[in-house]
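Written below as structure tokens is the structure these notes are about.
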Amino acid sequence: MPGGRWAGDGSLAGRVVKIGLLGLFTALGAWAVLPLYLGDNWLGIGLVLAVLGLVYYVYLSRRTVPAKYLVPGVLFLVAFQILPVLYTMSTSVTNMSDGHRGSKEQAISSIESMSVTRAPDSEEYALTVATTGDPETGSLVFLLTDSEGQTYAGTADGLEDLDGATVDPASGRVTEAFGYTILTPAQVNTRSDELEEFAVPTDSGAGIRSSGLSTAFEGSAVRVYDAGCDCVTDTETGRVYTADDERGAFVDEEGDRLPQGWQVNVGLDNFARFLLNPSFATSFFGILVWNIVFAVSVTFLVFVVGLAVALTLHVPRMRGKVLYRILVVLPYAMSSLAMYLLWRDMFNTDFGLFNRMLGLDVDWFGNPWSARVAVILTNVWLGYPYMFLVATGALQAIPRELQQAARIDGANAWQSFRHVTLPLLMVAMTPILVAVFAFNFNNFNAVWLLTRGGPLFADNSTAGATDLLITYTYRLAFNEATAQYGYAAALSVMIFVIVSVISVVSLWRSRALKEVD
């Protein structure tokens, strides 16, 4: 059969590629299953195996050709869009924060183990500090060796036997264990604050804590939980902390509560907090107004400047247009991270380019209004090349005969642009303007790298004059002494709703522009 040989080679090559890609995907699945297995997350393991099974079924079957094109996009959509949104929404109705991350049982274990004190007859262990996963962010684990040479792995959930560990005969310390990353002294030092607060719960009223970097001890707890009264008693002071299941904390008669709590559902309290609570609502609505002004201003100015430059370089027979266009696009081609840091230095009060060139003495980032102007100017400079490229492409798609016909009908240059060129441009550019608005509404780097949201208000250290909702959310979630993940998640949901509503309304109203086609 003519061409059969080449067809067979192509089929063989396709099979080799298919086998290679499926092998790679299987390896990724195995890589994902390992930490889930170590964490006893059987639901996650089942989900990974289901995805692997789906991929094998689709790509090894001849009856699922359409699905072969749809499955990759759907999997990425679910993994990177739908699941994060659903997780954020579920977190927004909880009190999740530092001290309120786990269950009530975990909180009780933490309270008892954190209050462990050493007794003269306390059992000692040879200690190796390790983590599960990354040395800088992974959960701390105590790899312990008792006096009889038995090895254990101690986590915040409890103590379990450690099989197959390598132990140094001289020191008795674990030097290698499957599934754990041994920390160096330098790495341990960087996490010394966490190490001081870390304890491994053992039997009721007991726990294991570190004593230096190489030894640990098991002692008795000062604060003991009593299931009968659902309370924690401090045996030294006699204070009793009763469980408050609505707040997820143990509280005494004076209203003081223990720092270790548990995660509970709080309904819409987080949303009511920034919508109805005066102290939080003032910050939220003030930031929201500035956020909208910032996004609208940057989008409008980027559109005006980009379109103006595109129209200037759209003149026929202009010499050096290619060079001019390259120069215009340069800001867009450079690293935005580096450019934000450069512009921050240009606005420096003492050595900045603007103050030196203009002979000014303006503290650009010290005054709320000058800081806002600086943020807007920086983002217009970084954003207009993109709009220039879009406008240039749209202008080249408009027939010049239409403008010539308008001139023949007596229209001047402005009238020709206003009634012919601009409507045709907006058909192509309106969706892009909506996307630019949504991007600037959540443009974290635009503010954080320039001002970090500052200057902060004197009466509110969590909100700044240039804060966007996204930077305000970040500060609450990751930059405060006590991270408020539930509250930050509620703000994230609100940002999602606001941007979605504005985008949908804008795109719906832009349908009227289709009439000009």
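In the structure tokens, each chain is lettered A, B, ... as it comes, each chain's residues begin at 1, and ligands are numbered from 1 in order of appearance.
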
When DSSP is applied to the backbone of this structure, which of region 94-222 of chain A are assigned alpha helix (DSSP H)? Write them out as a compact mmCIF listing (two decimals) with all heavy atoms, in the first residue's frame.
```txt
# COMPACT_ATOMS: atom_id res chain seq x y z
N LYS A 104 -11.19 20.87 67.67
CA LYS A 104 -11.19 21.10 69.12
C LYS A 104 -10.23 20.14 69.81
O LYS A 104 -9.53 20.51 70.76
CB LYS A 104 -12.60 20.93 69.66
CG LYS A 104 -12.75 21.27 71.13
CD LYS A 104 -14.20 21.18 71.57
CE LYS A 104 -14.37 21.54 73.04
NZ LYS A 104 -15.78 21.48 73.47
N GLU A 105 -10.19 18.89 69.34
CA GLU A 105 -9.28 17.90 69.93
C GLU A 105 -7.83 18.33 69.77
O GLU A 105 -7.02 18.18 70.69
CB GLU A 105 -9.50 16.53 69.29
CG GLU A 105 -10.83 15.87 69.64
CD GLU A 105 -12.02 16.53 68.95
OE1 GLU A 105 -11.79 17.24 67.94
OE2 GLU A 105 -13.15 16.35 69.42
N GLN A 106 -7.50 18.88 68.61
CA GLN A 106 -6.14 19.35 68.38
C GLN A 106 -5.82 20.55 69.28
O GLN A 106 -4.70 20.69 69.78
CB GLN A 106 -5.96 19.74 66.92
CG GLN A 106 -5.96 18.55 65.96
CD GLN A 106 -5.94 18.98 64.51
OE1 GLN A 106 -6.57 19.96 64.11
NE2 GLN A 106 -5.20 18.24 63.69
N ALA A 107 -6.81 21.42 69.50
CA ALA A 107 -6.60 22.56 70.39
C ALA A 107 -6.34 22.10 71.81
O ALA A 107 -5.45 22.64 72.50
CB ALA A 107 -7.82 23.48 70.34
N ILE A 108 -7.09 21.11 72.28
CA ILE A 108 -6.89 20.59 73.64
C ILE A 108 -5.50 19.98 73.78
O ILE A 108 -4.79 20.21 74.76
CB ILE A 108 -7.99 19.56 73.97
CG1 ILE A 108 -9.35 20.24 74.04
CG2 ILE A 108 -7.67 18.84 75.27
CD1 ILE A 108 -10.51 19.28 74.14
N SER A 109 -5.10 19.19 72.76
CA SER A 109 -3.75 18.59 72.80
C SER A 109 -2.69 19.67 72.82
O SER A 109 -1.68 19.55 73.54
CB SER A 109 -3.56 17.68 71.59
OG SER A 109 -4.46 16.59 71.62
N SER A 110 -2.88 20.72 72.05
CA SER A 110 -1.90 21.81 72.01
C SER A 110 -1.83 22.54 73.34
O SER A 110 -0.74 22.88 73.82
CB SER A 110 -2.27 22.78 70.88
OG SER A 110 -1.38 23.86 70.85
N ILE A 111 -3.00 22.79 73.95
CA ILE A 111 -3.02 23.49 75.24
C ILE A 111 -2.26 22.69 76.30
O ILE A 111 -1.45 23.23 77.05
CB ILE A 111 -4.48 23.73 75.69
CG1 ILE A 111 -5.13 24.78 74.77
CG2 ILE A 111 -4.52 24.19 77.14
CD1 ILE A 111 -6.62 24.90 74.97
N GLU A 112 -2.53 21.40 76.36
CA GLU A 112 -1.87 20.57 77.37
C GLU A 112 -0.38 20.42 77.09
O GLU A 112 0.45 20.55 78.00
CB GLU A 112 -2.54 19.20 77.42
CG GLU A 112 -3.96 19.25 77.97
CD GLU A 112 -4.58 17.88 78.08
OE1 GLU A 112 -4.16 16.97 77.33
OE2 GLU A 112 -5.49 17.70 78.91
N SER A 113 -0.02 20.16 75.84
CA SER A 113 1.39 19.94 75.53
C SER A 113 2.20 21.23 75.65
O SER A 113 3.38 21.19 76.02
CB SER A 113 1.54 19.36 74.12
OG SER A 113 0.98 20.24 73.15
N MET A 114 1.58 22.37 75.36
CA MET A 114 2.31 23.64 75.45
C MET A 114 2.58 24.04 76.91
O MET A 114 3.46 24.87 77.17
CB MET A 114 1.52 24.74 74.75
CG MET A 114 1.54 24.64 73.23
SD MET A 114 3.17 24.93 72.54
CE MET A 114 3.45 26.62 73.02
N PRO A 185 21.54 22.92 61.59
CA PRO A 185 21.48 23.88 62.70
C PRO A 185 21.06 25.28 62.25
O PRO A 185 20.31 25.97 62.97
CB PRO A 185 22.91 23.87 63.25
CG PRO A 185 23.42 22.50 62.93
CD PRO A 185 22.80 22.16 61.60
N ALA A 186 21.52 25.71 61.08
CA ALA A 186 21.13 27.03 60.59
C ALA A 186 19.64 27.09 60.30
O ALA A 186 18.97 28.09 60.61
CB ALA A 186 21.94 27.37 59.33
N GLN A 187 19.09 26.04 59.70
CA GLN A 187 17.66 26.00 59.41
C GLN A 187 16.84 25.95 60.69
O GLN A 187 15.78 26.57 60.78
CB GLN A 187 17.35 24.81 58.51
CG GLN A 187 17.92 24.93 57.10
CD GLN A 187 17.79 23.64 56.30
OE1 GLN A 187 17.74 22.55 56.87
NE2 GLN A 187 17.73 23.76 54.98
N VAL A 188 17.33 25.22 61.67
CA VAL A 188 16.63 25.17 62.96
C VAL A 188 16.63 26.55 63.60
O VAL A 188 15.63 26.99 64.19
CB VAL A 188 17.29 24.13 63.90
CG1 VAL A 188 16.68 24.21 65.29
CG2 VAL A 188 17.14 22.73 63.32
N ASN A 189 17.75 27.25 63.49
CA ASN A 189 17.86 28.58 64.09
C ASN A 189 16.85 29.56 63.49
O ASN A 189 16.30 30.41 64.20
CB ASN A 189 19.28 29.11 63.92
CG ASN A 189 19.50 30.41 64.64
OD1 ASN A 189 19.31 30.51 65.86
ND2 ASN A 189 19.90 31.45 63.90
N THR A 190 16.61 29.44 62.19
CA THR A 190 15.66 30.35 61.55
C THR A 190 14.22 30.09 62.01
O THR A 190 13.37 30.98 61.91
CB THR A 190 15.71 30.21 60.01
OG1 THR A 190 15.40 28.86 59.65
CG2 THR A 190 17.09 30.57 59.50
N SER A 192 13.52 29.08 65.20
CA SER A 192 13.67 28.90 66.66
C SER A 192 12.41 29.33 67.41
O SER A 192 12.05 28.72 68.43
CB SER A 192 14.88 29.70 67.15
OG SER A 192 14.74 31.08 66.82
N ASP A 193 11.73 30.38 66.93
CA ASP A 193 10.51 30.83 67.61
C ASP A 193 9.43 29.75 67.56
O ASP A 193 8.74 29.50 68.56
CB ASP A 193 9.99 32.12 66.98
CG ASP A 193 10.93 33.30 67.21
OD1 ASP A 193 11.73 33.21 68.16
OD2 ASP A 193 10.86 34.28 66.45
N GLU A 194 9.29 29.10 66.41
CA GLU A 194 8.31 28.02 66.29
C GLU A 194 8.72 26.84 67.16
O GLU A 194 7.87 26.19 67.76
CB GLU A 194 8.20 27.56 64.83
CG GLU A 194 7.67 28.61 63.86
CD GLU A 194 7.66 28.09 62.45
OE1 GLU A 194 6.90 27.13 62.17
OE2 GLU A 194 8.40 28.62 61.61
N LEU A 195 10.03 26.57 67.22
CA LEU A 195 10.52 25.44 68.00
C LEU A 195 10.23 25.61 69.48
O LEU A 195 9.90 24.64 70.18
CB LEU A 195 12.03 25.27 67.77
CG LEU A 195 12.67 24.01 68.34
CD1 LEU A 195 12.07 22.77 67.71
CD2 LEU A 195 14.19 24.04 68.12
N GLU A 196 10.34 26.84 69.98
CA GLU A 196 10.08 27.09 71.39
C GLU A 196 8.62 26.83 71.75
O GLU A 196 8.30 26.45 72.88
CB GLU A 196 10.44 28.54 71.74
CG GLU A 196 11.95 28.81 71.71
CD GLU A 196 12.25 30.27 72.04
OE1 GLU A 196 11.28 31.01 72.32
OE2 GLU A 196 13.43 30.65 72.00
N GLU A 197 7.72 27.04 70.78
CA GLU A 197 6.30 26.86 71.05
C GLU A 197 5.80 25.47 70.67
O GLU A 197 4.64 25.13 70.92
CB GLU A 197 5.49 27.91 70.29
CG GLU A 197 5.82 29.34 70.69
CD GLU A 197 5.01 30.35 69.89
OE1 GLU A 197 4.24 29.91 69.00
OE2 GLU A 197 5.14 31.56 70.15
```

Close residues, Ser297 (chain A) itself excluded, 10 Å, only C-alpha atoms, min 3 positions apart in chain, as a PyMOL selection string: chain A and resi 291-294+300-303+376-377+379-380+437+440

Written selection (C-alpha atoms) as an mmCIF file, in the first residue's frame:
```cif
data_model
loop_
_atom_site.group_PDB
_atom_site.id
_atom_site.type_symbol
_atom_site.label_atom_id
_atom_site.label_comp_id
_atom_site.auth_asym_id
_atom_site.auth_seq_id
_atom_site.Cartn_x
_atom_site.Cartn_y
_atom_site.Cartn_z
ATOM 1 C CA ASN A 291 -9.764 50.950 44.561
ATOM 2 C CA ILE A 292 -12.445 51.834 41.990
ATOM 3 C CA VAL A 293 -10.944 55.278 41.379
ATOM 4 C CA PHE A 294 -7.513 53.750 40.868
ATOM 5 C CA PHE A 300 -8.837 55.437 31.212
ATOM 6 C CA LEU A 301 -5.390 57.073 31.110
ATOM 7 C CA VAL A 302 -3.762 53.952 29.666
ATOM 8 C CA PHE A 303 -6.439 53.896 26.960
ATOM 9 C CA ILE A 376 -1.343 56.072 39.161
ATOM 10 C CA LEU A 377 1.483 57.647 37.125
ATOM 11 C CA ASN A 379 0.984 52.223 36.354
ATOM 12 C CA VAL A 380 0.033 54.410 33.387
ATOM 13 C CA PHE A 437 -9.958 47.227 34.580
ATOM 14 C CA ASN A 440 -5.893 46.852 37.787
#
```

Residue contacts of region 164-179 of chain A (8 Å, only C-alpha atoms) excluding same-chain residues fewer than 3 positions away, as a PyMOL selection string: chain A and resi 38+126-128+132-133+143-145+149+151+182+214

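Here the question is which of A:Ala295, A:His314, A:Ser115, A:Val499 gets nearest to Val224 (chain A) using only C-alpha atoms, and that residue is A:Ser115.
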
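All residues of region 351-508 of chain A that DSSP, run on the backbone, classes as strand (DSSP E) are A:Leu456, A:Phe457, A:Asn460, A:Ser461, A:Thr462, A:Ala463, A:Gly464.
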
Please, could you write that set of residues out with N, CA, C and O atoms as an mmCIF file, in the first residue's frame?
```
data_model
loop_
_atom_site.group_PDB
_atom_site.id
_atom_site.type_symbol
_atom_site.label_atom_id
_atom_site.label_comp_id
_atom_site.auth_asym_id
_atom_site.auth_seq_id
_atom_site.Cartn_x
_atom_site.Cartn_y
_atom_site.Cartn_z
ATOM 1 N N LEU A 456 0.147 54.610 56.161
ATOM 2 C CA LEU A 456 -0.907 54.061 57.008
ATOM 3 C C LEU A 456 -1.597 55.171 57.781
ATOM 4 O O LEU A 456 -0.994 56.194 58.107
ATOM 5 N N PHE A 457 -2.871 54.965 58.060
ATOM 6 C CA PHE A 457 -3.632 55.957 58.817
ATOM 7 C C PHE A 457 -3.253 55.891 60.286
ATOM 8 O O PHE A 457 -2.983 54.811 60.827
ATOM 9 N N ASN A 460 -5.590 53.686 62.313
ATOM 10 C CA ASN A 460 -5.836 52.326 61.841
ATOM 11 C C ASN A 460 -4.571 51.793 61.186
ATOM 12 O O ASN A 460 -4.243 52.149 60.057
ATOM 13 N N SER A 461 -3.877 50.918 61.892
ATOM 14 C CA SER A 461 -2.600 50.413 61.398
ATOM 15 C C SER A 461 -2.758 49.299 60.370
ATOM 16 O O SER A 461 -1.765 48.821 59.825
ATOM 17 N N THR A 462 -3.986 48.868 60.092
ATOM 18 C CA THR A 462 -4.195 47.788 59.120
ATOM 19 C C THR A 462 -4.596 48.300 57.749
ATOM 20 O O THR A 462 -4.697 47.514 56.802
ATOM 21 N N ALA A 463 -4.836 49.604 57.598
ATOM 22 C CA ALA A 463 -5.274 50.165 56.318
ATOM 23 C C ALA A 463 -4.424 51.379 55.977
ATOM 24 O O ALA A 463 -4.083 52.185 56.848
ATOM 25 N N GLY A 464 -4.081 51.512 54.672
ATOM 26 C CA GLY A 464 -3.277 52.626 54.211
ATOM 27 C C GLY A 464 -3.985 53.418 53.132
ATOM 28 O O GLY A 464 -4.989 52.976 52.549
#
```

Which of A:Asp230, A:Glu148, A:Asp98, A:Asp244 sits closest to Pro259 (chain A) [using only C-alpha atoms]: A:Asp98

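Each of A:Ala221, A:Val328, A:Ala489, A:Ala153 was compared to Thr235 (chain A) using only C-alpha atoms, and A:Ala221 turns out to be the nearest.
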
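Using only C-alpha atoms for every distance, the candidate list A:Thr451, A:Ser61, A:Thr421, A:Asn277 yields A:Thr451 as the residue closest to Arg344 (chain A).
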
Selection near Gly228 (chain A), 12 Å with only C-alpha atoms, sequence-local residues under 5 positions removed, as a ChimeraX atom specification: /A:233,242-243

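Residue nearest Gly53 (chain A), chosen from A:Trp31, A:Phe25, A:Gly39, A:His100 and counting only C-alpha atoms: A:Phe25.
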
Which polymer residues have any atom within 12 Å of an atom of Val266 (chain A), counting only C-alpha atoms, with same-chain residues fewer than 5 positions away left out, as a CSV table (one decimal) with N, CA, C and O atoms, in the first residue's frame?
```csv
chain,number,residue,atom,x,y,z
A,90,SER,N,-15.4,28.6,51.3
A,90,SER,CA,-15.7,27.8,52.5
A,90,SER,C,-14.9,28.4,53.7
A,90,SER,O,-15.4,28.3,54.8
A,91,THR,N,-13.7,28.9,53.4
A,91,THR,CA,-12.9,29.5,54.5
A,91,THR,C,-13.6,30.8,55.0
A,91,THR,O,-13.4,31.2,56.2
A,92,SER,N,-14.2,31.5,54.1
A,92,SER,CA,-14.8,32.8,54.5
A,92,SER,C,-15.9,32.8,55.5
A,92,SER,O,-16.3,33.8,56.1
A,93,VAL,N,-16.5,31.6,55.7
A,93,VAL,CA,-17.6,31.5,56.7
A,93,VAL,C,-17.0,30.8,58.0
A,93,VAL,O,-17.8,30.2,58.8
A,94,THR,N,-15.7,30.8,58.2
A,94,THR,CA,-15.1,30.2,59.4
A,94,THR,C,-14.3,31.3,60.1
A,94,THR,O,-14.1,32.4,59.6
A,95,ASN,N,-13.9,30.9,61.3
A,95,ASN,CA,-13.0,31.8,62.1
A,95,ASN,C,-11.5,31.5,62.0
A,95,ASN,O,-10.7,31.8,62.8
A,96,MET,N,-11.2,30.8,60.8
A,96,MET,CA,-9.8,30.4,60.6
A,96,MET,C,-8.8,31.5,60.8
A,96,MET,O,-9.0,32.6,60.1
A,245,ASP,N,-18.1,27.2,72.3
A,245,ASP,CA,-18.1,26.6,71.0
A,245,ASP,C,-18.5,27.5,69.9
A,245,ASP,O,-18.3,27.3,68.7
A,246,GLU,N,-19.2,28.7,70.2
A,246,GLU,CA,-19.5,29.6,69.2
A,246,GLU,C,-18.3,30.4,68.7
A,246,GLU,O,-18.2,30.8,67.5
A,247,ARG,N,-17.3,30.7,69.6
A,247,ARG,CA,-16.1,31.4,69.3
A,247,ARG,C,-14.9,30.5,69.0
A,247,ARG,O,-13.9,30.9,68.6
A,248,GLY,N,-15.1,29.2,69.4
A,248,GLY,CA,-14.0,28.3,69.2
A,248,GLY,C,-12.8,28.5,70.1
A,248,GLY,O,-11.6,28.6,69.6
A,271,PHE,N,-18.4,38.7,56.9
A,271,PHE,CA,-19.0,39.7,55.9
A,271,PHE,C,-19.6,40.8,56.7
A,271,PHE,O,-19.4,42.0,56.3
A,272,ALA,N,-20.4,40.5,57.7
A,272,ALA,CA,-21.0,41.6,58.5
A,272,ALA,C,-19.9,42.4,59.2
A,272,ALA,O,-20.2,43.6,59.4
A,273,ARG,N,-18.8,41.9,59.4
A,273,ARG,CA,-17.7,42.6,60.1
A,273,ARG,C,-17.3,43.8,59.3
A,273,ARG,O,-17.1,44.9,59.8
A,486,GLY,N,-9.9,33.7,57.8
A,486,GLY,CA,-11.3,33.7,57.5
A,486,GLY,C,-11.8,35.1,57.1
A,486,GLY,O,-12.6,35.2,56.1
A,487,TYR,N,-11.4,36.1,57.8
A,487,TYR,CA,-11.8,37.5,57.4
A,487,TYR,C,-11.2,37.9,56.0
A,487,TYR,O,-11.9,38.5,55.2
A,490,ALA,N,-13.2,36.3,53.3
A,490,ALA,CA,-14.4,37.0,53.1
A,490,ALA,C,-14.2,38.2,52.2
A,490,ALA,O,-15.0,38.5,51.3
```

Surrounding residues of Ser97 (chain A) excluding itself and chain neighbours under 4 positions, 8 Å, only C-alpha atoms, as a PyMOL selection string: chain A and resi 101+482-486

Filtering to N, CA and C atoms, could you give me those residues as a tab-separated table (two decimals), in the first residue's frame?
```tsv
chain	number	residue	atom	x	y	z
A	101	ARG	N	-6.99	26.91	63.67
A	101	ARG	CA	-6.79	26.23	62.38
A	101	ARG	C	-7.27	24.78	62.40
A	482	THR	N	-1.39	38.44	64.15
A	482	THR	CA	-2.32	37.32	64.15
A	482	THR	C	-3.03	37.29	62.81
A	483	ALA	N	-2.70	36.31	62.00
A	483	ALA	CA	-3.28	36.22	60.66
A	483	ALA	C	-4.77	35.87	60.74
A	484	GLN	N	-5.59	36.62	60.00
A	484	GLN	CA	-7.04	36.44	60.01
A	484	GLN	C	-7.47	35.88	58.66
A	485	TYR	N	-7.31	34.58	58.50
A	485	TYR	CA	-7.56	33.97	57.20
A	485	TYR	C	-9.05	33.99	56.84
A	486	GLY	N	-9.92	33.73	57.80
A	486	GLY	CA	-11.35	33.73	57.51
A	486	GLY	C	-11.83	35.09	57.06
```

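Shortest atom-to-atom contact with Ser492 (chain A) among A:Tyr87, A:Phe388, A:Phe439, A:Phe80: A:Tyr87, counting only C-alpha atoms.
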
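Rounded to one decimal, CA of Asp146 (chain A) and CA of Phe217 (chain A) lie 10.0 Å from each other.
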
Contacts of Phe417 (chain A) within 12 Å, only C-alpha atoms, excl. fewer than 5 positions in-chain, as a PyMOL selection string: chain A and resi 307-308+311+395+398+400+402-404+406-407+411-412+422-426

Using the selection just defined, write its residues with C-alpha atoms as a PDB file, in the first residue's frame.
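Saved the output as result.pdb:
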```pdb
ATOM      1  CA  LEU A 307      -4.566  55.334  21.625  1.00  0.00           C
ATOM      2  CA  ALA A 308      -3.002  58.786  21.210  1.00  0.00           C
ATOM      3  CA  LEU A 311      -2.878  57.439  16.210  1.00  0.00           C
ATOM      4  CA  LEU A 395      -6.497  50.801  13.631  1.00  0.00           C
ATOM      5  CA  ILE A 398     -10.144  49.766   9.856  1.00  0.00           C
ATOM      6  CA  ARG A 400      -8.919  53.953   5.300  1.00  0.00           C
ATOM      7  CA  LEU A 402     -14.165  54.921   5.559  1.00  0.00           C
ATOM      8  CA  GLN A 403     -12.227  57.942   6.809  1.00  0.00           C
ATOM      9  CA  GLN A 404     -11.841  59.242   3.271  1.00  0.00           C
ATOM     10  CA  ALA A 406     -16.219  60.858   5.923  1.00  0.00           C
ATOM     11  CA  ARG A 407     -13.914  63.632   4.724  1.00  0.00           C
ATOM     12  CA  ALA A 411     -16.400  65.783   8.328  1.00  0.00           C
ATOM     13  CA  ASN A 412     -13.282  67.300   9.874  1.00  0.00           C
ATOM     14  CA  LEU A 422     -13.658  55.418  17.609  1.00  0.00           C
ATOM     15  CA  PRO A 423     -16.876  53.338  17.360  1.00  0.00           C
ATOM     16  CA  LEU A 424     -15.079  50.740  15.251  1.00  0.00           C
ATOM     17  CA  LEU A 425     -12.160  50.729  17.697  1.00  0.00           C
ATOM     18  CA  MET A 426     -14.441  50.211  20.679  1.00  0.00           C
TER      19      MET A 426
END
```
